[in-house]
file query14.txt (compact mmCIF, C-alpha atoms and all ligand atoms)
# COMPACT_ATOMS: atom_id res chain seq x y z
CA MET A 1 202.01 -52.41 110.78
CA SER A 2 200.95 -55.58 112.56
CA ARG A 3 202.74 -58.87 112.54
CA PRO A 4 201.04 -62.25 112.96
CA ALA A 5 201.58 -63.89 116.33
CA ASP A 6 203.03 -67.06 114.84
CA PRO A 7 204.49 -66.00 111.50
CA LEU A 8 205.61 -68.40 108.80
CA VAL A 9 209.09 -67.64 107.49
CA SER A 10 209.89 -68.84 103.96
CA VAL A 11 213.55 -69.35 103.22
CA VAL A 12 214.29 -69.41 99.49
CA ALA A 13 217.60 -70.79 98.24
CA PRO A 14 218.67 -71.15 94.59
CA VAL A 15 220.65 -74.33 94.01
CA PHE A 16 222.92 -75.00 91.05
CA ASP A 17 225.22 -77.99 91.22
CA GLU A 18 225.35 -77.90 95.02
CA GLY A 19 224.85 -81.65 95.45
CA ASP A 20 227.54 -81.90 98.11
CA GLY A 21 226.19 -78.94 100.01
CA VAL A 22 222.41 -79.41 100.01
CA ASP A 23 222.26 -81.69 103.06
CA GLY A 24 224.53 -79.46 105.12
CA PHE A 25 222.61 -76.37 104.11
CA VAL A 26 219.24 -77.86 105.07
CA ARG A 27 220.65 -79.17 108.35
CA ARG A 28 222.33 -75.94 109.39
CA THR A 29 219.57 -73.61 108.31
CA GLY A 30 216.90 -75.82 109.85
CA ALA A 31 218.82 -75.99 113.14
CA VAL A 32 219.13 -72.20 113.32
CA LEU A 33 215.44 -71.63 112.55
CA GLN A 34 214.34 -74.31 114.97
CA ALA A 35 216.56 -72.98 117.74
CA ALA A 36 214.99 -69.55 117.20
CA GLY A 37 211.55 -71.11 117.58
CA LEU A 38 210.45 -70.02 114.12
CA ARG A 39 207.81 -71.73 112.00
CA TYR A 40 209.41 -72.04 108.60
CA GLU A 41 209.42 -73.55 105.14
CA LEU A 42 212.61 -74.07 103.17
CA ILE A 43 212.20 -73.70 99.42
CA LEU A 44 215.10 -75.07 97.40
CA VAL A 45 215.00 -74.14 93.75
CA ASP A 46 217.07 -76.45 91.59
CA ASP A 47 218.25 -74.27 88.73
CA GLY A 48 218.89 -77.08 86.24
CA SER A 49 221.72 -78.73 88.17
CA THR A 50 223.76 -81.33 86.35
CA ASP A 51 224.75 -83.20 89.51
CA ASP A 52 222.67 -84.98 92.14
CA SER A 53 221.25 -81.80 93.70
CA TRP A 54 217.64 -82.66 92.78
CA PRO A 55 217.60 -86.22 94.23
CA ARG A 56 219.11 -84.80 97.39
CA ILE A 57 216.48 -82.07 97.58
CA CYS A 58 213.79 -84.76 97.09
CA ALA A 59 215.33 -86.86 99.87
CA GLN A 60 215.43 -83.87 102.22
CA SER A 61 211.86 -83.01 101.35
CA GLY A 62 210.75 -86.61 101.94
CA ALA A 63 212.35 -86.57 105.37
CA ASP A 64 210.98 -83.17 106.42
CA PRO A 65 207.74 -81.70 105.03
CA ARG A 66 209.02 -78.20 105.80
CA VAL A 67 211.46 -78.62 102.93
CA ARG A 68 210.01 -78.01 99.48
CA GLY A 69 211.76 -78.37 96.16
CA ILE A 70 211.14 -76.78 92.79
CA GLN A 71 213.03 -78.06 89.79
CA LEU A 72 213.45 -75.71 86.86
CA SER A 73 213.53 -77.31 83.44
CA ARG A 74 217.06 -76.05 82.76
CA ASN A 75 219.60 -73.57 84.08
CA PHE A 76 217.77 -70.25 83.90
CA GLY A 77 220.28 -68.42 86.10
CA LYS A 78 220.22 -67.44 89.75
CA GLU A 79 217.92 -64.46 89.20
CA ALA A 80 215.20 -66.65 87.67
CA ALA A 81 215.67 -69.28 90.38
CA VAL A 82 215.22 -66.67 93.10
CA LEU A 83 212.11 -65.40 91.36
CA ALA A 84 210.69 -68.93 91.15
CA GLY A 85 211.31 -69.34 94.87
CA LEU A 86 209.64 -66.03 95.70
CA GLU A 87 206.62 -66.95 93.60
CA HIS A 88 206.26 -70.24 95.44
CA ALA A 89 206.84 -68.83 98.92
CA GLY A 90 203.80 -68.61 101.16
CA GLY A 91 205.40 -67.07 104.25
CA ASP A 92 204.68 -63.80 106.04
CA ALA A 93 208.35 -63.01 105.61
CA VAL A 94 210.55 -64.39 102.85
CA VAL A 95 214.32 -64.72 103.19
CA VAL A 96 216.48 -65.20 100.11
CA ILE A 97 219.80 -66.87 100.87
CA ASP A 98 222.55 -68.64 98.88
CA ALA A 99 222.60 -72.41 99.27
CA ASP A 100 226.40 -72.55 99.47
CA LEU A 101 226.42 -71.39 103.13
CA GLN A 102 228.42 -68.29 102.22
CA HIS A 103 225.51 -66.34 103.65
CA PRO A 104 225.41 -67.26 107.34
CA PRO A 105 221.97 -68.71 108.23
CA THR A 106 222.70 -67.63 111.81
CA ALA A 107 221.77 -64.09 110.71
CA ILE A 108 218.18 -65.09 109.83
CA PRO A 109 216.73 -64.77 113.37
CA ALA A 110 218.14 -61.22 113.63
CA MET A 111 216.62 -60.38 110.25
CA VAL A 112 213.26 -61.79 111.32
CA GLN A 113 213.52 -59.71 114.50
CA CYS A 114 214.04 -56.54 112.40
CA TRP A 115 210.96 -57.52 110.42
CA SER A 116 208.97 -58.03 113.64
CA ASP A 117 210.12 -54.56 114.69
CA GLY A 118 208.58 -53.07 111.58
CA ALA A 119 211.06 -53.29 108.70
CA GLU A 120 209.61 -54.48 105.40
CA VAL A 121 212.95 -55.18 103.73
CA VAL A 122 216.00 -56.33 105.68
CA GLU A 123 219.26 -56.35 103.72
CA ALA A 124 222.31 -58.21 104.89
CA VAL A 125 225.37 -56.15 103.98
CA LYS A 126 228.91 -57.48 103.86
CA ARG A 127 231.24 -56.59 106.64
CA ASN A 128 234.05 -58.25 104.67
CA ARG A 129 234.63 -59.65 101.22
CA THR A 130 236.24 -63.00 101.81
CA GLY A 131 236.21 -65.86 99.39
CA GLN A 132 236.75 -63.84 96.23
CA PRO A 133 239.90 -63.50 94.16
CA PRO A 134 241.28 -59.92 94.06
CA VAL A 135 240.36 -59.40 90.37
CA ALA A 136 236.75 -60.43 90.99
CA ARG A 137 236.68 -58.19 94.05
CA LEU A 138 237.96 -55.24 92.04
CA ALA A 139 235.48 -55.86 89.20
CA ALA A 140 232.59 -56.19 91.67
CA SER A 141 233.62 -52.99 93.48
CA LEU A 142 233.87 -51.11 90.18
CA PHE A 143 230.46 -52.34 89.05
CA ASN A 144 228.82 -51.60 92.40
CA ALA A 145 230.31 -48.12 92.57
CA THR A 146 229.24 -47.32 88.99
CA PHE A 147 225.76 -48.72 89.54
CA THR A 148 225.33 -46.79 92.79
CA ARG A 149 226.45 -43.57 91.08
CA LEU A 150 224.23 -43.98 88.03
CA THR A 151 221.08 -45.13 89.82
CA THR A 152 219.31 -44.47 93.10
CA VAL A 153 220.12 -47.98 94.29
CA ASP A 154 223.06 -48.41 96.68
CA LEU A 155 224.88 -51.64 95.83
CA VAL A 156 228.09 -51.06 97.77
CA ASN A 157 228.55 -54.07 100.06
CA ALA A 158 225.06 -55.30 99.09
CA THR A 159 224.24 -59.00 98.91
CA ASP A 160 221.32 -61.07 97.68
CA PHE A 161 220.79 -62.20 101.28
CA ARG A 162 217.58 -60.33 102.05
CA LEU A 163 214.32 -60.61 103.91
CA LEU A 164 211.16 -59.30 102.30
CA SER A 165 207.86 -58.89 104.11
CA ARG A 166 204.77 -60.27 102.40
CA PRO A 167 203.77 -56.83 100.99
CA ALA A 168 207.33 -56.17 99.78
CA CYS A 169 207.52 -59.62 98.18
CA ASP A 170 204.16 -59.12 96.46
CA ALA A 171 205.30 -55.72 95.21
CA LEU A 172 208.47 -57.23 93.79
CA LEU A 173 206.53 -60.00 92.06
CA ARG A 174 204.34 -57.40 90.35
CA LEU A 175 207.32 -56.06 88.40
CA PRO A 176 206.92 -57.38 84.87
CA GLU A 177 210.56 -57.34 83.79
CA HIS A 178 211.92 -60.43 82.13
CA SER A 179 215.55 -59.96 83.09
CA SER A 180 215.22 -59.26 86.77
CA PHE A 181 218.07 -58.09 88.96
CA PHE A 182 217.02 -59.03 92.49
CA ARG A 183 219.57 -56.88 94.26
CA GLY A 184 218.37 -53.84 92.34
CA THR A 185 214.63 -54.49 92.19
CA SER A 186 214.36 -55.37 95.88
CA SER A 187 215.81 -51.92 96.61
CA TRP A 188 213.84 -50.15 93.90
CA ILE A 189 210.49 -51.16 95.44
CA GLY A 190 211.24 -48.98 98.46
CA PHE A 191 209.37 -49.86 101.70
CA ARG A 192 210.74 -49.33 105.18
CA ARG A 193 214.15 -50.97 105.21
CA THR A 194 216.98 -51.73 107.51
CA VAL A 195 220.34 -53.47 107.25
CA VAL A 196 222.14 -56.07 109.29
CA GLU A 197 225.86 -56.65 108.91
CA VAL A 198 227.07 -60.16 108.16
CA ASP A 199 230.41 -61.85 107.56
CA ILE A 200 230.46 -63.65 104.23
CA ASP A 201 232.07 -67.06 104.61
CA HIS A 202 234.43 -68.80 102.24
CA ARG A 203 232.75 -71.12 99.79
CA GLY A 204 233.18 -74.75 100.84
CA ASP A 205 234.27 -76.02 97.43
CA GLY A 206 235.84 -72.72 96.40
CA ALA A 207 234.31 -72.47 92.93
CA SER A 208 231.65 -69.87 92.26
CA ARG A 209 228.84 -71.11 90.04
CA TRP A 210 229.00 -67.88 88.07
CA THR A 211 231.04 -67.85 84.91
CA PHE A 212 232.73 -64.71 83.63
CA ARG A 213 230.10 -64.59 80.91
CA SER A 214 227.12 -64.94 83.22
CA LEU A 215 228.53 -62.25 85.50
CA CYS A 216 228.97 -59.86 82.54
CA ARG A 217 225.40 -60.64 81.49
CA LEU A 218 224.17 -59.87 85.01
CA ALA A 219 226.08 -56.58 85.06
CA VAL A 220 224.68 -55.51 81.67
CA ASN A 221 221.15 -56.60 82.66
CA GLY A 222 221.42 -54.74 85.93
CA LEU A 223 222.62 -51.54 84.30
CA THR A 224 220.22 -51.55 81.35
CA SER A 225 217.22 -52.23 83.56
CA PHE A 226 218.03 -49.42 85.97
CA THR A 227 219.52 -46.58 84.00
CA SER A 228 219.62 -45.04 80.54
CA ALA A 229 222.86 -43.25 81.40
CA PRO A 230 224.99 -45.24 78.90
CA LEU A 231 222.65 -44.10 76.10
CA HIS A 232 222.99 -40.49 77.21
CA LEU A 233 226.73 -40.95 77.38
CA VAL A 234 226.74 -41.98 73.71
CA THR A 235 224.92 -38.74 72.86
CA VAL A 236 227.27 -36.62 75.00
CA VAL A 237 230.41 -38.17 73.51
CA GLY A 238 228.83 -37.73 70.07
CA PHE A 239 228.47 -34.01 70.75
CA GLY A 240 232.06 -33.93 72.01
CA PHE A 241 233.28 -35.42 68.74
CA ALA A 242 231.13 -32.97 66.76
CA ALA A 243 232.71 -30.02 68.59
CA PHE A 244 236.18 -31.47 68.07
CA SER A 245 235.49 -31.95 64.34
CA VAL A 246 234.37 -28.32 63.94
CA VAL A 247 237.49 -26.99 65.67
CA LEU A 248 239.73 -29.27 63.63
CA GLY A 249 237.89 -28.38 60.42
CA VAL A 250 238.18 -24.63 60.98
CA GLN A 251 241.86 -24.94 61.91
CA THR A 252 242.60 -26.95 58.76
CA LEU A 253 240.66 -24.50 56.58
CA VAL A 254 242.49 -21.52 58.00
CA ARG A 255 245.83 -23.22 57.46
CA TRP A 256 244.88 -24.09 53.86
CA LEU A 257 243.71 -20.52 53.15
CA ARG A 258 247.07 -19.24 54.38
CA GLY A 259 248.70 -21.49 51.85
CA GLY A 260 250.02 -24.06 54.31
CA SER A 261 250.10 -27.71 53.42
CA VAL A 262 247.56 -30.05 54.98
CA ALA A 263 249.58 -33.02 56.14
CA GLY A 264 249.18 -35.54 58.92
CA PHE A 265 248.47 -39.03 57.66
CA PRO A 266 249.01 -40.59 61.12
CA THR A 267 246.60 -38.07 62.63
CA VAL A 268 243.95 -38.99 60.09
CA ILE A 269 244.35 -42.70 60.84
CA LEU A 270 244.25 -42.03 64.57
CA VAL A 271 241.11 -39.90 64.34
CA LEU A 272 239.48 -42.55 62.15
CA LEU A 273 240.36 -45.26 64.65
CA VAL A 274 239.06 -43.27 67.61
CA MET A 275 235.85 -42.39 65.79
CA GLY A 276 235.40 -45.96 64.56
CA THR A 277 235.86 -47.32 68.07
CA PHE A 278 233.38 -44.88 69.48
CA ILE A 279 230.82 -45.61 66.78
CA LEU A 280 231.09 -49.35 67.38
CA LEU A 281 230.88 -48.89 71.15
CA GLY A 282 227.91 -46.60 70.74
CA LEU A 283 226.19 -49.12 68.50
CA GLY A 284 226.95 -51.80 71.06
CA VAL A 285 225.35 -49.80 73.86
CA ILE A 286 222.27 -49.14 71.75
CA GLY A 287 222.26 -52.82 70.79
CA GLU A 288 222.19 -53.88 74.44
CA TYR A 289 219.11 -51.78 75.09
CA LEU A 290 217.53 -53.05 71.88
CA ALA A 291 218.22 -56.65 72.93
CA ARG A 292 216.53 -55.94 76.25
CA ILE A 293 213.49 -54.52 74.53
CA HIS A 294 213.42 -57.54 72.24
CA GLU A 295 213.59 -59.89 75.21
CA GLU A 296 210.82 -58.06 77.06
CA VAL A 297 208.60 -57.88 73.98
CA ARG A 298 208.92 -61.61 73.34
CA GLY A 299 207.38 -62.04 76.77
CA ARG A 300 208.53 -65.60 77.36
CA PRO A 301 208.14 -66.93 80.90
CA ARG A 302 211.10 -66.22 83.10
CA TYR A 303 211.52 -69.86 84.05
CA LEU A 304 209.80 -73.20 83.50
CA VAL A 305 209.11 -75.70 86.26
CA GLN A 306 209.79 -79.35 85.56
CA GLY A 307 209.11 -80.89 88.94
CA ARG A 308 208.04 -80.20 92.48
CA THR A 309 208.45 -82.00 95.73
CA GLY A 310 206.96 -81.42 99.16
CA PRO A 311 203.58 -80.01 100.16
CA PRO A 312 202.00 -77.41 97.85
CA ALA A 313 202.37 -73.73 98.70
CA GLY A 314 200.15 -72.57 101.53
CA GLU A 315 199.68 -76.08 102.92
CA GLN A 316 202.51 -75.87 105.33
CA PRO A 317 202.14 -78.45 108.10
CA VAL A 318 202.71 -77.11 111.57
CA ILE A 319 205.64 -78.88 113.16
CA VAL A 320 206.81 -77.96 116.61
N1 LIG B 401 223.17 -70.32 91.42
C1 LIG B 401 222.03 -70.66 90.68
N2 LIG B 401 222.11 -70.63 89.31
C2 LIG B 401 223.24 -70.26 88.65
C3 LIG B 401 224.37 -69.89 89.42
C4 LIG B 401 224.30 -69.93 90.79
O1 LIG B 401 221.00 -71.00 91.25
O2 LIG B 401 223.22 -70.26 87.43
C5 LIG B 401 223.09 -70.38 92.90
C6 LIG B 401 224.18 -71.19 93.58
O3 LIG B 401 223.84 -72.54 93.71
C7 LIG B 401 224.27 -70.51 94.94
C8 LIG B 401 223.92 -69.07 94.62
O4 LIG B 401 223.22 -69.08 93.38
O5 LIG B 401 223.32 -71.02 95.86
C9 LIG B 401 225.14 -68.18 94.53
O6 LIG B 401 226.03 -68.73 93.59
P1 LIG B 401 227.61 -68.67 93.79
O7 LIG B 401 227.93 -69.07 95.19
O8 LIG B 401 228.22 -69.46 92.71
O9 LIG B 401 227.85 -67.14 93.58
P2 LIG B 401 228.84 -66.18 94.39
O10 LIG B 401 228.80 -66.58 95.84
O11 LIG B 401 230.15 -66.37 93.77
O12 LIG B 401 228.24 -64.83 94.16
MG MG B 402 228.55 -68.21 96.80
call {"tool": "encode", "arguments": {"input": "query14.txt", "output": "structure tokens", "more": "lines below"}}
Ligand code: UDP
Ligand code: MG
result
Amino acid sequence: MSRPADPLVSVVAPVFDEGDGVDGFVRRTGAVLQAAGLRYELILVDDGSTDDSWPRICAQSGADPRVRGIQLSRNFGKEAAVLAGLEHAGGDAVVVIDADLQHPPTAIPAMVQCWSDGAEVVEAVKRNRTGQPPVARLAASLFNATFTRLTTVDLVNATDFRLLSRPACDALLRLPEHSSFFRGTSSWIGFRRTVVEVDIDHRGDGASRWTFRSLCRLAVNGLTSFTSAPLHLVTVVGFGFAAFSVVLGVQTLVRWLRGGSVAGFPTVILVLLVMGTFILLGLGVIGEYLARIHEEVRGRPRYLVQGRTGPPAGEQPVIV
């Protein structure tokens, strides 16, 4: 492992309706990187914002050539925006960070230091979980615990705030999946990794850009792209029901042969309901995997770029 003497650090931030925060984010992140004496480029990916995020990114980029903007043609979701940023990053190390300043930019120099010391992937893990309502916290913990149990990827306390070395970033970009799950795939690729602990701040304006729906989508995408366990579960429960049916069938037959009456209307309804629920759930699980296959087979691009601002990738001016 050898690191360039004067590395270029790319900082990628997805932006969705962060008009009020863009200037502050660029100022604070730039100040931290400058104070650390790092050569950097800041790539802001506008994920189809409906507010003035893009004009503000353009203004920032006009004022400082280290700031580059990519405007996606619509809201493709954070995962696609991160991917767009990674694909446009030309640095020796690439840091992915939220643009809402919940991820403290002050941690970047420490992450770059870990990279200089040999780590290929540096993950910032949460020391706390501020800024989330209790229900969201519970749901996230449940999902992370389930995901970690079902896959080889540890998501407990994980964040999207990560540094990838050039080889790690290239490896990640070689994955062909349509519905990417950055937190999972950046762990899946392996490479020498280390963690730094960070405190997650409160969000300035309080409102997460994720909707309940988009979070559910992310959870389903994450699970279906990393494990087939739900499909196996359908099979296992199916076998369980089969065994139960045999026992129940034999018991009923024996009772009938002994001349007993076969009653139990409520039981029949209950069994029907349970079975019906399971069949529908099972179909749903299979449907989710089928939808994923359909999406992958269609092979549409993961995002479309509508505009760019700032110098093209790889033509980073040296500013000291
Ligand atoms: N984001 C995005 N596209 C989306 C939703 C969010 O680019 O569809 C960005 C958002 O601007 C922010 C980051 O992703 O920079 C994290 O979003 P948010 O803070 O809403 O998520 P949370 O902190 O609640 O996980
Ligand atoms: Mg946030």
call {"tool": "atom_distance", "arguments": {"input": "query14.txt", "atom1": "CA of Val196 in chain A", "atom2": "CA of Val94 in chain A"}}
result
15.7 Å
call {"tool": "closest_residue", "arguments": {"input": "query14.txt", "among": "A:Val26, A:Val271, A:Leu215, A:Val9", "to": "ligand LIG 401 (chain B)", "atoms": "only C-alpha atoms and all ligand atoms"}}
result
A:Leu215
call {"tool": "residues_around", "arguments": {"input": "query14.txt", "residues": "Asp92 in chain A", "least_positions_apart": "5", "cutoff": "10 Å", "atoms": "only C-alpha atoms", "output": "list in words"}}
result
Arg3, Pro4, Asp6, Pro7, Leu8, Val9, Ser10, Tyr40, Trp115, Leu164, Ser165, Arg166, Pro167 and Cys169 of chain A
call {"tool": "atom_distance", "arguments": {"input": "query14.txt", "atom1": "CA of Arg192 in chain A", "atom2": "CA of Val121 in chain A"}}
result
6.4 Å
call {"tool": "residues_near_ligand", "arguments": {"input": "query14.txt", "ligand": "ligand LIG 401 (chain B)", "cutoff": "7 Å", "atoms": "only C-alpha atoms and all ligand atoms", "output": "PyMOL selection string"}}
result
chain A and resi 13-18+46-47+75-78+81+98-100+102+203+207-210
call {"tool": "residues_around", "arguments": {"input": "query14.txt", "residues": "range 224-228 of chain A", "least_positions_apart": "3", "cutoff": "12 Å", "atoms": "all atoms listed in the file", "output": "number ranges by chain"}}
result
A: 146-154, 175-185, 187-188, 217-221, 231-235, 285-293, 295-296
call {"tool": "closest_residue", "arguments": {"input": "query14.txt", "among": "A:Asp64, A:Glu197, A:Asp170, A:Asp160", "to": "ligand MG 402 (chain B)", "atoms": "only C-alpha atoms and all ligand atoms"}}
result
A:Asp160
call {"tool": "atom_distance", "arguments": {"input": "query14.txt", "atom1": "CA of Ala36 in chain A", "atom2": "CA of Gly190 in chain A"}}
result
28.1 Å
call {"tool": "residues_near_point", "arguments": {"input": "query14.txt", "point": "(231.9, -42.3, 66.8)", "cutoff": "10 Å", "atoms": "all atoms listed in the file", "output": "list in words"}}
result
Val234, Thr235, Val237, Gly238, Phe239, Gly240, Phe241, Ala242, Val271, Leu272, Leu273, Val274, Met275, Gly276, Thr277, Phe278, Ile279, Leu280, Leu281, Gly282 and Leu283 of chain A
call {"tool": "closest_residue", "arguments": {"input": "query14.txt", "among": "A:Phe161, A:Trp256, A:Phe265, A:Phe244", "to": "ligand MG 402 (chain B)", "atoms": "all atoms listed in the file"}}
result
A:Phe161
call {"tool": "closest_residue", "arguments": {"input": "query14.txt", "among": "A:Ile97, A:Val22, A:Val67, A:Ala35", "to": "ligand MG 402 (chain B)", "atoms": "only C-alpha atoms and all ligand atoms"}}
result
A:Ile97
call {"tool": "closest_residue", "arguments": {"input": "query14.txt", "among": "A:Pro301, A:Pro109, A:Gly21, A:Gly37", "to": "ligand MG 402 (chain B)", "atoms": "only C-alpha atoms and all ligand atoms"}}
result
A:Gly21
call {"tool": "closest_residue", "arguments": {"input": "query14.txt", "among": "A:Pro104, A:Pro134, A:Pro266, A:Gly307", "to": "ligand MG 402 (chain B)", "atoms": "only C-alpha atoms and all ligand atoms"}}
result
A:Pro104
